[in-house]
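The file data.cif contains mmCIF, C-alpha atoms:
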data_model
#
loop_
_atom_site.label_atom_id
_atom_site.label_comp_id
_atom_site.auth_asym_id
_atom_site.auth_seq_id
_atom_site.Cartn_x
_atom_site.Cartn_y
_atom_site.Cartn_z
CA MET A 1453 -17.60 -8.79 1.68
CA GLY A 1454 -16.93 -6.85 4.88
CA THR A 1455 -13.66 -5.10 5.78
CA GLY A 1456 -12.54 -7.86 8.15
CA ARG A 1457 -13.24 -10.59 5.58
CA VAL A 1458 -11.34 -8.65 2.93
CA THR A 1459 -8.32 -8.29 5.22
CA LEU A 1460 -8.26 -12.00 6.08
CA ALA A 1461 -8.78 -13.01 2.47
CA VAL A 1462 -5.96 -10.76 1.25
CA ALA A 1463 -3.64 -12.20 3.89
CA ALA A 1464 -4.52 -15.72 2.76
CA ALA A 1465 -3.99 -14.78 -0.86
CA ALA A 1466 -0.58 -13.27 -0.10
CA ALA A 1467 0.48 -16.41 1.75
CA ALA A 1468 -0.76 -18.65 -1.07
CA VAL A 1469 1.06 -16.72 -3.76
CA THR A 1470 4.26 -16.59 -1.69
CA MET A 1471 4.23 -20.37 -1.25
CA LEU A 1472 3.33 -20.91 -4.90
CA ALA A 1473 6.25 -18.81 -6.08
CA GLY A 1474 8.61 -20.77 -3.87
CA GLY A 1475 10.07 -17.76 -2.14
CA THR A 1476 9.47 -14.65 -0.11
CA VAL A 1477 7.49 -11.74 -1.47
CA PRO A 1478 9.87 -8.80 -1.84
CA PRO A 1479 9.20 -6.23 0.90
CA VAL A 1480 9.53 -3.17 -1.34
CA ALA A 1481 6.72 -2.16 -3.67
CA ASN A 1482 7.18 -0.96 -7.22
CA ALA A 1483 7.14 2.69 -8.12
CA ALA A 1484 3.73 4.29 -8.72
CA PRO A 1485 1.90 2.21 -11.35
CA ASP A 1486 1.56 3.57 -14.87
CA ASN A 1487 -2.20 3.99 -15.29
CA SER A 1488 -1.92 5.36 -18.83
CA PHE A 1489 -1.95 1.76 -20.06
CA PHE A 1490 -5.61 1.41 -19.15
CA PHE A 1491 -6.80 4.13 -21.48
CA SER A 1492 -7.18 3.70 -25.20
CA GLY A 1493 -4.68 5.70 -27.22
CA GLU A 1494 -5.21 4.09 -30.62
CA GLN A 1495 -4.89 6.37 -33.63
CA ALA A 1496 -7.40 4.41 -35.69
CA PRO A 1497 -11.06 4.27 -34.60
CA LEU A 1498 -11.77 1.28 -32.36
CA GLY A 1499 -14.41 0.14 -34.81
CA SER A 1500 -11.71 -0.55 -37.37
CA TYR A 1501 -10.41 -3.42 -35.22
CA ALA A 1502 -12.10 -6.79 -34.87
CA PRO A 1503 -13.29 -7.78 -31.37
CA GLY A 1504 -10.44 -9.35 -29.44
CA THR A 1505 -7.72 -7.52 -31.37
CA VAL A 1506 -4.66 -6.81 -29.20
CA LEU A 1507 -4.07 -3.05 -28.96
CA ALA A 1508 -1.14 -3.07 -26.51
CA SER A 1509 0.53 -5.40 -24.03
CA ARG A 1510 3.11 -5.33 -21.26
CA VAL A 1511 4.79 -7.78 -18.87
CA LEU A 1512 5.07 -7.00 -15.17
CA PRO A 1513 5.11 -8.74 -11.76
CA TYR A 1514 1.82 -9.87 -10.26
CA HIS A 1515 1.17 -7.58 -7.28
CA LEU A 1516 -0.72 -8.10 -4.03
CA LEU A 1517 -1.57 -4.95 -2.07
CA GLY A 1518 0.91 -3.06 -4.21
CA ILE A 1519 3.76 -5.46 -3.47
CA PRO A 1520 5.34 -7.30 -6.42
CA THR A 1521 5.47 -11.09 -6.21
CA PRO A 1522 7.78 -13.43 -8.16
CA LEU A 1523 4.87 -14.39 -10.44
CA THR A 1524 4.56 -12.90 -13.93
CA ALA A 1525 1.51 -11.14 -15.35
CA VAL A 1526 0.93 -10.14 -18.95
CA GLN A 1527 -1.51 -7.26 -19.28
CA ILE A 1528 -3.31 -6.72 -22.58
CA ARG A 1529 -5.45 -3.87 -23.81
CA TYR A 1530 -7.83 -5.12 -26.46
CA ARG A 1531 -10.82 -4.15 -28.54
CA THR A 1532 -14.20 -5.38 -27.27
CA THR A 1533 -17.88 -4.36 -27.25
CA ASP A 1534 -19.90 -2.47 -24.65
CA ALA A 1535 -23.45 -3.06 -23.42
CA GLN A 1536 -24.91 -1.03 -26.28
CA GLY A 1537 -22.95 -2.87 -28.96
CA ARG A 1538 -20.40 -0.10 -29.46
CA PRO A 1539 -16.65 -0.73 -29.92
CA SER A 1540 -14.70 -0.22 -26.71
CA ALA A 1541 -11.27 -0.97 -25.27
CA ASN A 1542 -10.68 -3.08 -22.18
CA VAL A 1543 -7.82 -4.66 -20.22
CA THR A 1544 -7.17 -8.21 -19.08
CA SER A 1545 -4.34 -9.71 -17.05
CA VAL A 1546 -2.89 -13.13 -17.80
CA LEU A 1547 -1.15 -14.79 -14.84
CA LEU A 1548 1.54 -17.29 -15.83
CA PRO A 1549 2.12 -20.44 -13.74
CA PRO A 1550 5.58 -20.71 -12.16
CA GLY A 1551 6.42 -24.02 -13.83
CA GLY A 1552 5.85 -22.85 -17.40
CA VAL A 1553 2.80 -22.45 -19.61
CA ASP A 1554 0.77 -25.41 -20.86
CA PRO A 1555 -1.48 -23.91 -23.56
CA SER A 1556 -4.03 -26.68 -23.06
CA ARG A 1557 -4.73 -25.63 -19.44
CA VAL A 1558 -6.31 -22.19 -19.12
CA VAL A 1559 -8.88 -20.83 -16.68
CA THR A 1560 -10.65 -17.52 -17.19
CA TYR A 1561 -11.44 -16.18 -13.74
CA GLY A 1562 -14.44 -13.88 -13.32
CA SER A 1563 -13.58 -11.53 -10.48
CA ALA A 1564 -16.31 -10.48 -8.03
CA TYR A 1565 -14.84 -7.00 -7.58
CA ASP A 1566 -18.32 -5.45 -8.04
CA SER A 1567 -17.58 -1.75 -8.19
CA LEU A 1568 -18.60 1.49 -9.86
CA ASN A 1569 -14.98 2.65 -9.89
CA PRO A 1570 -12.50 1.37 -12.51
CA GLU A 1571 -9.70 1.92 -9.97
CA HIS A 1572 -10.99 -1.21 -8.18
CA SER A 1573 -10.58 -3.50 -11.20
CA PRO A 1574 -8.36 -6.59 -11.06
CA SER A 1575 -5.94 -5.18 -13.63
CA ARG A 1576 -5.25 -2.14 -11.43
CA SER A 1577 -4.58 -4.31 -8.37
CA ILE A 1578 -2.41 -6.71 -10.35
CA ALA A 1579 -0.42 -3.75 -11.71
CA GLY A 1580 0.26 -2.48 -8.19
CA ASN A 1581 -2.52 -0.01 -7.45
CA VAL A 1582 -3.82 -0.07 -3.89
CA SER A 1583 -7.41 0.80 -2.97
CA PHE A 1584 -10.06 -0.34 -0.51
CA GLY A 1585 -12.30 -1.66 -3.29
CA GLY A 1586 -9.32 -3.25 -5.01
CA ALA A 1587 -8.68 -5.42 -1.95
CA ILE A 1588 -11.51 -7.67 -3.15
CA ALA A 1589 -9.56 -8.48 -6.31
CA ASP A 1590 -6.44 -9.00 -4.17
CA SER A 1591 -8.33 -11.45 -1.94
CA GLU A 1592 -9.12 -13.66 -4.92
CA GLY A 1593 -5.45 -14.49 -5.33
CA ALA A 1594 -5.93 -17.49 -3.06
CA VAL A 1595 -8.38 -19.14 -5.46
CA MET A 1596 -6.39 -18.19 -8.55
CA GLY A 1597 -3.31 -19.57 -6.80
CA LEU A 1598 -4.94 -23.00 -6.65
CA PHE A 1599 -5.11 -23.09 -10.43
CA LEU A 1600 -1.65 -21.58 -10.92
CA ALA A 1601 -0.17 -24.21 -8.61
CA GLN A 1602 -1.59 -26.93 -10.85
CA GLY A 1603 -0.03 -25.46 -13.99
CA PHE A 1604 -2.97 -23.43 -15.27
CA THR A 1605 -2.60 -20.06 -16.90
CA VAL A 1606 -5.26 -17.73 -15.45
CA ILE A 1607 -6.92 -14.99 -17.51
CA VAL A 1608 -8.44 -12.25 -15.33
CA PRO A 1609 -10.49 -9.73 -17.35
CA ASP A 1610 -11.74 -6.39 -16.09
CA THR A 1611 -15.23 -7.73 -16.66
CA GLU A 1612 -16.96 -4.36 -16.11
CA GLY A 1613 -14.76 -2.57 -18.64
CA GLN A 1614 -12.79 0.62 -18.08
CA SER A 1615 -15.92 2.61 -17.18
CA ALA A 1616 -16.94 0.16 -14.43
CA ASN A 1617 -20.33 -0.66 -15.92
CA PHE A 1618 -21.59 -2.56 -12.90
CA ALA A 1619 -24.39 -5.12 -13.51
CA ALA A 1620 -24.30 -4.87 -17.33
CA GLY A 1621 -24.25 -8.64 -17.89
CA PRO A 1622 -23.88 -8.75 -21.69
CA GLU A 1623 -20.91 -6.38 -21.51
CA TYR A 1624 -19.31 -8.58 -18.85
CA GLY A 1625 -19.71 -11.54 -21.19
CA MET A 1626 -18.23 -9.85 -24.28
CA ASN A 1627 -15.36 -8.40 -22.24
CA THR A 1628 -14.61 -11.94 -21.05
CA LEU A 1629 -14.78 -13.57 -24.48
CA ASP A 1630 -12.61 -10.91 -26.09
CA ALA A 1631 -10.11 -11.22 -23.24
CA ILE A 1632 -9.73 -14.90 -24.19
CA ARG A 1633 -9.29 -13.96 -27.83
CA ALA A 1634 -6.63 -11.39 -26.94
CA ALA A 1635 -4.79 -13.63 -24.48
CA THR A 1636 -4.58 -16.50 -26.97
CA ASN A 1637 -3.16 -14.15 -29.61
CA THR A 1638 -0.41 -12.55 -27.51
CA ALA A 1639 2.99 -14.23 -27.80
CA ALA A 1640 4.10 -13.33 -24.26
CA THR A 1641 1.31 -15.47 -22.74
CA GLY A 1642 2.47 -18.70 -24.39
CA LEU A 1643 -1.14 -19.43 -25.38
CA ASN A 1644 -2.60 -19.94 -28.84
CA PRO A 1645 -6.04 -19.86 -30.50
CA ALA A 1646 -6.44 -23.61 -29.88
CA SER A 1647 -5.90 -23.31 -26.11
CA ARG A 1648 -8.51 -25.15 -24.03
CA VAL A 1649 -10.28 -22.83 -21.60
CA GLY A 1650 -12.53 -23.20 -18.57
CA LEU A 1651 -14.72 -20.40 -17.19
CA PHE A 1652 -14.89 -19.91 -13.41
CA GLY A 1653 -16.72 -17.26 -11.39
CA TYR A 1654 -18.81 -16.57 -8.30
CA SER A 1655 -21.33 -13.79 -7.65
CA GLY A 1656 -20.26 -10.83 -9.81
CA GLY A 1657 -17.83 -13.24 -11.43
CA ALA A 1658 -20.74 -15.53 -12.25
CA ILE A 1659 -22.40 -12.68 -14.15
CA ALA A 1660 -19.37 -12.60 -16.44
CA THR A 1661 -19.05 -16.38 -16.60
CA ASN A 1662 -22.67 -17.15 -17.46
CA TRP A 1663 -23.05 -14.31 -19.96
CA ALA A 1664 -19.80 -15.35 -21.67
CA ALA A 1665 -21.09 -18.92 -21.96
CA ALA A 1666 -24.47 -17.71 -23.26
CA LEU A 1667 -23.05 -15.33 -25.86
CA ALA A 1668 -20.08 -17.41 -27.00
CA PRO A 1669 -21.83 -19.56 -29.66
CA GLU A 1670 -22.80 -16.48 -31.66
CA TYR A 1671 -20.38 -13.76 -30.53
CA ALA A 1672 -17.19 -15.86 -30.35
CA PRO A 1673 -17.81 -19.33 -31.85
CA GLU A 1674 -14.09 -20.07 -32.10
CA VAL A 1675 -13.78 -19.49 -28.33
CA ASN A 1676 -16.88 -21.55 -27.64
CA ALA A 1677 -15.35 -24.47 -29.53
CA ASN A 1678 -12.44 -24.51 -27.07
CA LEU A 1679 -14.45 -24.20 -23.83
CA VAL A 1680 -14.22 -27.32 -21.68
CA GLY A 1681 -16.65 -26.25 -18.96
CA VAL A 1682 -18.28 -23.44 -17.00
CA ALA A 1683 -18.26 -23.37 -13.20
CA GLU A 1684 -20.32 -20.66 -11.51
CA GLY A 1685 -21.99 -19.94 -8.20
CA GLY A 1686 -24.18 -17.27 -6.62
CA VAL A 1687 -25.88 -16.51 -9.93
CA LEU A 1688 -27.87 -13.39 -10.90
CA ALA A 1689 -30.65 -14.68 -13.18
CA ASN A 1690 -33.63 -12.29 -13.11
CA PRO A 1691 -32.49 -8.81 -11.98
CA ALA A 1692 -36.01 -7.42 -11.57
CA ARG A 1693 -36.91 -10.14 -9.08
CA ASN A 1694 -33.56 -9.76 -7.31
CA LEU A 1695 -34.43 -6.12 -6.70
CA ARG A 1696 -37.62 -7.23 -4.93
CA TYR A 1697 -35.73 -9.87 -2.96
CA ILE A 1698 -33.10 -7.53 -1.46
CA ASP A 1699 -35.49 -4.57 -1.08
CA GLY A 1700 -35.41 -3.53 2.59
CA SER A 1701 -32.89 -6.24 3.57
CA LEU A 1702 -30.31 -5.88 6.29
CA GLY A 1703 -27.09 -6.53 4.39
CA TRP A 1704 -27.69 -6.28 0.66
CA ALA A 1705 -30.22 -3.46 0.20
CA GLY A 1706 -27.60 -0.92 -0.88
CA VAL A 1707 -26.62 -3.04 -3.87
CA ALA A 1708 -29.90 -2.00 -5.52
CA ALA A 1709 -28.71 1.60 -5.62
CA MET A 1710 -25.41 0.46 -7.15
CA ALA A 1711 -27.34 -1.44 -9.81
CA ILE A 1712 -29.39 1.64 -10.67
CA ILE A 1713 -26.18 3.60 -11.18
CA GLY A 1714 -24.54 0.80 -13.18
CA ILE A 1715 -27.54 0.31 -15.45
CA ALA A 1716 -27.83 4.05 -16.04
CA ARG A 1717 -24.13 4.28 -16.90
CA SER A 1718 -24.11 1.23 -19.16
CA TYR A 1719 -27.18 2.14 -21.19
CA ASP A 1720 -27.03 5.97 -21.03
CA ILE A 1721 -30.21 6.31 -18.99
CA ASP A 1722 -31.09 9.36 -16.93
CA PHE A 1723 -32.90 8.15 -13.81
CA THR A 1724 -32.95 11.57 -12.12
CA PRO A 1725 -36.59 12.32 -13.12
CA TYR A 1726 -37.67 9.30 -11.06
CA LEU A 1727 -35.54 9.89 -7.94
CA ASN A 1728 -36.54 11.95 -4.92
CA ASP A 1729 -34.05 14.17 -3.11
CA PHE A 1730 -32.93 11.35 -0.83
CA GLY A 1731 -32.50 9.00 -3.79
CA ALA A 1732 -30.44 11.59 -5.66
CA ARG A 1733 -28.16 11.97 -2.63
CA ILE A 1734 -27.68 8.19 -2.32
CA VAL A 1735 -26.93 7.84 -6.03
CA ALA A 1736 -24.38 10.65 -5.87
CA GLN A 1737 -22.84 9.14 -2.75
CA LEU A 1738 -22.38 5.73 -4.36
CA SER A 1739 -21.36 6.85 -7.85
CA SER A 1740 -17.81 5.49 -7.37
CA ALA A 1741 -18.50 2.93 -4.65
CA SER A 1742 -17.29 -0.62 -4.29
CA ILE A 1743 -19.58 -3.28 -2.92
CA ALA A 1744 -17.31 -3.18 0.13
CA ASN A 1745 -18.65 0.36 0.75
CA VAL A 1746 -22.25 -0.87 0.64
CA LEU A 1747 -22.67 -4.26 2.32
CA PHE A 1748 -24.50 -3.96 5.67
CA GLN A 1749 -24.20 -0.16 5.49
CA TYR A 1750 -27.69 0.65 4.15
CA PRO A 1751 -29.94 -1.64 6.24
CA GLY A 1752 -33.61 -1.48 5.32
CA LEU A 1753 -33.12 0.67 2.22
CA THR A 1754 -35.98 0.28 -0.28
CA TRP A 1755 -36.68 1.31 -3.84
CA ALA A 1756 -39.66 3.36 -2.64
CA GLN A 1757 -37.38 5.39 -0.35
CA LEU A 1758 -35.26 6.39 -3.36
CA THR A 1759 -38.00 7.35 -5.81
CA LYS A 1760 -40.82 9.84 -6.09
CA PRO A 1761 -44.16 8.45 -4.85
CA GLU A 1762 -45.56 7.87 -8.34
CA PHE A 1763 -42.59 5.61 -9.14
CA ALA A 1764 -42.66 3.48 -5.98
CA ASN A 1765 -43.25 0.44 -8.19
CA PRO A 1766 -40.11 -0.23 -10.32
CA ASN A 1767 -42.36 -1.37 -13.16
CA SER A 1768 -43.66 2.20 -13.44
CA VAL A 1769 -40.22 3.34 -14.65
CA PRO A 1770 -40.10 2.50 -18.40
CA PRO A 1771 -36.31 2.63 -18.87
CA PHE A 1772 -35.85 0.30 -15.91
CA VAL A 1773 -38.30 -2.24 -17.32
CA GLU A 1774 -36.73 -2.06 -20.76
CA THR A 1775 -33.17 -2.39 -19.50
CA VAL A 1776 -33.55 -5.20 -16.99
CA ALA A 1777 -34.91 -7.35 -19.81
CA LYS A 1778 -31.58 -6.87 -21.58
CA ILE A 1779 -29.64 -8.22 -18.59
CA ASP A 1780 -31.99 -11.11 -17.75
CA LEU A 1781 -30.21 -14.44 -18.26
CA GLY A 1782 -33.54 -16.21 -18.57
CA LEU A 1783 -34.02 -14.38 -21.88
CA ALA A 1784 -30.46 -14.96 -23.12
CA PRO A 1785 -29.25 -17.83 -25.35
CA THR A 1786 -28.54 -21.22 -23.81
CA PRO A 1787 -24.87 -22.22 -23.34
CA THR A 1788 -23.63 -25.28 -25.20
CA VAL A 1789 -20.85 -26.47 -22.87
CA PRO A 1790 -21.01 -28.43 -19.58
CA MET A 1791 -21.93 -26.32 -16.54
CA PHE A 1792 -21.60 -26.62 -12.77
CA ILE A 1793 -23.99 -24.25 -10.98
CA GLY A 1794 -23.98 -23.75 -7.20
CA GLN A 1795 -26.43 -21.64 -5.21
CA GLY A 1796 -26.97 -20.88 -1.52
CA ALA A 1797 -30.49 -20.68 -0.08
CA ASN A 1798 -30.23 -19.49 3.53
CA GLY A 1799 -30.11 -15.73 3.04
CA ILE A 1800 -31.62 -15.02 6.43
CA LEU A 1801 -28.06 -15.43 7.76
CA GLU A 1802 -27.21 -12.22 5.90
CA GLY A 1803 -30.44 -10.46 6.77
CA THR A 1804 -32.63 -11.17 3.73
CA GLU A 1805 -36.02 -12.77 4.30
CA GLY A 1806 -37.00 -15.59 1.98
CA THR A 1807 -40.76 -15.34 2.34
CA LYS A 1808 -41.77 -12.78 -0.30
CA PRO A 1809 -44.47 -14.19 -2.62
CA GLY A 1810 -43.16 -15.21 -6.02
CA VAL A 1811 -39.55 -14.87 -4.85
CA GLY A 1812 -38.82 -17.43 -2.17
CA PRO A 1813 -35.51 -18.07 -0.43
CA GLY A 1814 -32.09 -17.17 -1.73
CA ASP A 1815 -28.59 -16.67 -0.39
CA GLY A 1816 -29.14 -13.08 0.71
CA VAL A 1817 -28.68 -11.48 -2.71
CA MET A 1818 -29.32 -14.18 -5.34
CA ILE A 1819 -32.56 -16.16 -5.55
CA ALA A 1820 -32.40 -19.95 -5.42
CA GLY A 1821 -35.70 -20.44 -7.29
CA ASP A 1822 -34.46 -18.31 -10.18
CA VAL A 1823 -31.19 -20.20 -10.44
CA ARG A 1824 -32.94 -23.57 -10.33
CA ALA A 1825 -35.28 -22.41 -13.08
CA LEU A 1826 -32.31 -21.26 -15.17
CA ALA A 1827 -30.57 -24.62 -14.72
CA ARG A 1828 -33.76 -26.47 -15.69
CA GLN A 1829 -34.17 -24.24 -18.74
CA TYR A 1830 -30.65 -25.10 -19.81
CA CYS A 1831 -31.41 -28.78 -19.28
CA ASP A 1832 -34.52 -28.55 -21.46
CA THR A 1833 -33.31 -26.28 -24.27
CA GLY A 1834 -29.59 -26.93 -24.66
CA ASN A 1835 -27.20 -29.73 -25.49
CA ALA A 1836 -24.97 -29.12 -22.48
CA THR A 1837 -24.78 -31.33 -19.39
CA ILE A 1838 -25.81 -29.48 -16.22
CA THR A 1839 -24.90 -30.10 -12.59
CA TYR A 1840 -26.79 -28.00 -10.03
CA HIS A 1841 -25.98 -27.99 -6.30
CA GLN A 1842 -28.06 -26.02 -3.79
CA TYR A 1843 -26.58 -25.19 -0.38
CA ASP A 1844 -29.68 -24.98 1.78
CA ALA A 1845 -27.80 -24.19 4.98
CA LEU A 1846 -25.55 -21.48 3.54
CA SER A 1847 -25.88 -17.83 2.59
CA HIS A 1848 -23.96 -16.02 -0.15
CA ILE A 1849 -20.62 -15.37 1.56
CA PRO A 1850 -20.04 -18.77 3.28
CA ALA A 1851 -21.36 -20.64 0.24
CA LEU A 1852 -18.37 -19.29 -1.69
CA THR A 1853 -15.97 -21.60 0.14
CA VAL A 1854 -18.01 -24.78 -0.39
CA TRP A 1855 -18.77 -23.88 -3.99
CA SER A 1856 -15.10 -23.08 -4.74
CA LEU A 1857 -13.95 -26.53 -3.64
CA GLU A 1858 -16.65 -28.36 -5.58
CA ALA A 1859 -16.35 -26.14 -8.66
CA THR A 1860 -12.56 -26.48 -8.80
CA THR A 1861 -12.76 -30.28 -8.62
CA TRP A 1862 -15.51 -30.32 -11.24
CA LEU A 1863 -13.51 -28.13 -13.64
CA LEU A 1864 -10.32 -30.13 -13.17
CA ASP A 1865 -12.28 -33.23 -14.14
CA ARG A 1866 -13.36 -31.55 -17.39
CA PHE A 1867 -9.73 -30.83 -18.29
CA ALA A 1868 -8.91 -34.44 -17.43
CA GLY A 1869 -11.42 -35.57 -20.03
CA LYS A 1870 -13.89 -37.13 -17.61
CA PRO A 1871 -17.54 -37.12 -18.74
CA ALA A 1872 -19.51 -34.26 -17.20
CA PRO A 1873 -22.18 -35.40 -14.72
CA ASN A 1874 -25.81 -34.46 -15.21
CA ASN A 1875 -28.43 -34.13 -12.45
CA CYS A 1876 -31.16 -32.40 -14.46
CA ALA A 1877 -33.77 -34.93 -13.37
CA SER A 1878 -33.31 -34.03 -9.70
CA ILE A 1879 -33.40 -30.22 -9.94
CA ALA A 1880 -36.52 -28.99 -8.15
CA PRO A 1881 -38.86 -26.59 -9.96
CA GLY A 1882 -38.06 -22.90 -9.62
CA ASN A 1883 -39.60 -19.53 -10.32
CA SER A 1884 -40.93 -18.33 -13.63
CA LEU A 1885 -38.22 -16.82 -15.80
CA ALA A 1886 -40.70 -14.65 -17.70
CA PRO A 1887 -40.01 -10.90 -17.49
CA GLU A 1888 -41.68 -9.20 -14.56
CA LEU A 1889 -43.99 -6.53 -15.94
#
Starting from the file, lay out its structure as structure tokens.
Amino acid sequence: MGTGRVTLAVAAAAAAVTMLAGGTVPPVANAAPDNSFFFSGEQAPLGSYAPGTVLASRVLPYHLLGIPTPLTAVQIRYRTTDAQGRPSANVTSVLLPPGGVDPSRVVTYGSAYDSLNPEHSPSRSIAGNVSFGGAIADSEGAVMGLFLAQGFTVIVPDTEGQSANFAAGPEYGMNTLDAIRAATNTAATGLNPASRVGLFGYSGGAIATNWAAALAPEYAPEVNANLVGVAEGGVLANPARNLRYIDGSLGWAGVAAMAIIGIARSYDIDFTPYLNDFGARIVAQLSSASIANVLFQYPGLTWAQLTKPEFANPNSVPPFVETVAKIDLGLAPTPTVPMFIGQGANGILEGTEGTKPGVGPGDGVMIAGDVRALARQYCDTGNATITYHQYDALSHIPALTVWSLEATTWLLDRFAGKPAPNNCASIAPGNSLAPEL
């Protein structure tokens, strides 16, 4: 999302929240936020707590660009699990609707803040921190406001955790599921363990949403039992193929370098033996970057430009091959709840060709053939009803608007008890979901 789009989106979000709250946003910001809340200070080892255990909580105003609004947020620090299965602590924010909480109407919103810096997380922005990367989380207030206006409580996890483990899909999923556990066991939220929950996320938010749905039956079965539906768009299915898709592209090429950093951080991998001097400089330069620092700023960047000649093929880097298999949704369990999946397919609008063999068209960053294949796999192997919509004329950024409207309507219908539609028979074949070796 470019700087201009972020500014417009934040302005829209501010207007939406002001109208929702039924008043004027106060012109004076809070004092400097207390960031100590985001760091674990538990005396007992984190492993002594069950996943989802509430470690601390606080109530504060929901902020936009550092300015407090009349809406209330409950922030919770809770025990969860990182990408390597180790106990960790994370933070989620629970936004309360202005008309009072209905515990049967809850949406967990996967933010697309996509950053390697924890300062850009939704919880920091909601608490009043102001940063360029954090403006993405601020801009999402317009969509969250649609749910708040209809009486939904909105759970907003820091899906990447407090180390900003960008692209670590399983960690996103466990952070999301444990945020639901924590939110439904905190008195100040007005929720309870029987609260009905929908999952909603686009792009980076879809990583969290899909992984949460995939892991829920085993990792959090009590949460899975209360899920009414999963709405996602712009989906990352096969990361290895995505790397080939955006390699050398105009707008999205720099995201590959962010993913290298995020994977290395999440799984304690040292990629320096494989990088050339230029690659090492790029990795250092982006070590705390937001996606807003990367989009359309590294046109034509390729994997081969970052690595030593003998590692020009990503499959020649063993830790890369091993790790991308861990974050490949095609190899993950199948969700068991109804799903709405939307995907753009005109990525040339954002400078990504759709003619690479074995890849095909996508939205500029995500591959339509992979997402179709994932939807068909879910149709064939699960007991969930699947709706897949492909936006052939749209790329990643404009598809967000169309998807948001359709996904919101679809999710509201699930809460209303309407049967979930199923278009499995009409989903065109996609790419192979087998690991790329």
| request: Would you work out the distance separating atom CA of A:Val1776 from atom CA of A:Ala1711, expressed in Å to one decimal? | output: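 Atom-to-atom, atom CA of A:Val1776 and atom CA of A:Ala1711 are spaced 10.2 Å apart.
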| Among the residues A:Pro1871, A:Asn1694, A:Gly1812, A:Gly1685, the one that comes closest to A:Gln1842 [using only C-alpha atoms] | A:Gly1685
| Straight-line distance linking atom CA of A:Leu1702 with atom CA of A:Ser1742, stated in Å to one decimal | 17.6 Å
| field | Within 8 Å of A:Gly1653 using only C-alpha atoms, minus same-chain residues under 3 positions, as a PyMOL selection string | value | chain A and resi 1561-1564+1656-1661+1683-1685
| Nearest candidate to A:Ile1715 (options A:Gln1536, A:Asn1875, A:Asn1662, A:Asn1644; using all atoms listed in the file) | A:Gln1536
| field | Distance in Å - atom CA of A:Ala1859 versus atom CA of A:Leu1600 | value |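 Spanning atom CA of A:Ala1859 to atom CA of A:Leu1600 is a straight-line distance of 15.6 Å.
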| field | Counting only C-alpha atoms, the residue of A:Val1506, A:Leu1758, A:Leu1885, A:Ala1496 that sits nearest A:Ala1631 | value |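 Once distances to A:Ala1631 are computed over only C-alpha atoms, the minimum belongs to A:Val1506.
Distance annotation: of A:Asp1865, A:Glu1674, A:Glu1805, A:Asp1729, the residue with the minimal separation from A:Gly1504 is A:Glu1674; atom set is all atoms listed in the file.
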| task | Please provide the set of residues having any atom within 8 Å of stretch 1525-1527 of chain A, restricted to all atoms listed in the file, with same-chain residues fewer than 5 positions apart removed, written as a list in words. | result | Ser1509, Arg1510, Val1511, Leu1512, Pro1513, Tyr1514, Val1543, Thr1544, Ser1545, Val1546, Leu1547, Leu1548, Ser1575, Ile1578, Ala1640 and Thr1641 of chain A
May I have the residues from that selection written out with C-alpha atoms, as a short mmCIF file (atom, residue, chain, number, x, y, z; two decimals), keeping the file's coordinate frame?
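Saved the output as out.cif:
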data_model
loop_
_atom_site.label_atom_id
_atom_site.label_comp_id
_atom_site.auth_asym_id
_atom_site.auth_seq_id
_atom_site.Cartn_x
_atom_site.Cartn_y
_atom_site.Cartn_z
CA SER A 1509 0.53 -5.40 -24.03
CA ARG A 1510 3.11 -5.33 -21.26
CA VAL A 1511 4.79 -7.78 -18.87
CA LEU A 1512 5.07 -7.00 -15.17
CA PRO A 1513 5.11 -8.74 -11.76
CA TYR A 1514 1.82 -9.87 -10.26
CA VAL A 1543 -7.82 -4.66 -20.22
CA THR A 1544 -7.17 -8.21 -19.08
CA SER A 1545 -4.34 -9.71 -17.05
CA VAL A 1546 -2.89 -13.13 -17.80
CA LEU A 1547 -1.15 -14.79 -14.84
CA LEU A 1548 1.54 -17.29 -15.83
CA SER A 1575 -5.94 -5.18 -13.63
CA ILE A 1578 -2.41 -6.71 -10.35
CA ALA A 1640 4.10 -13.33 -24.26
CA THR A 1641 1.31 -15.47 -22.74
#
| Restricting the calculation to all atoms listed in the file, which member of A:Gly1597, A:Pro1787, A:Gly1810, A:Gly1700 is positioned closest to A:Pro1673? |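 For A:Pro1673, the nearest of the candidates is A:Pro1787.
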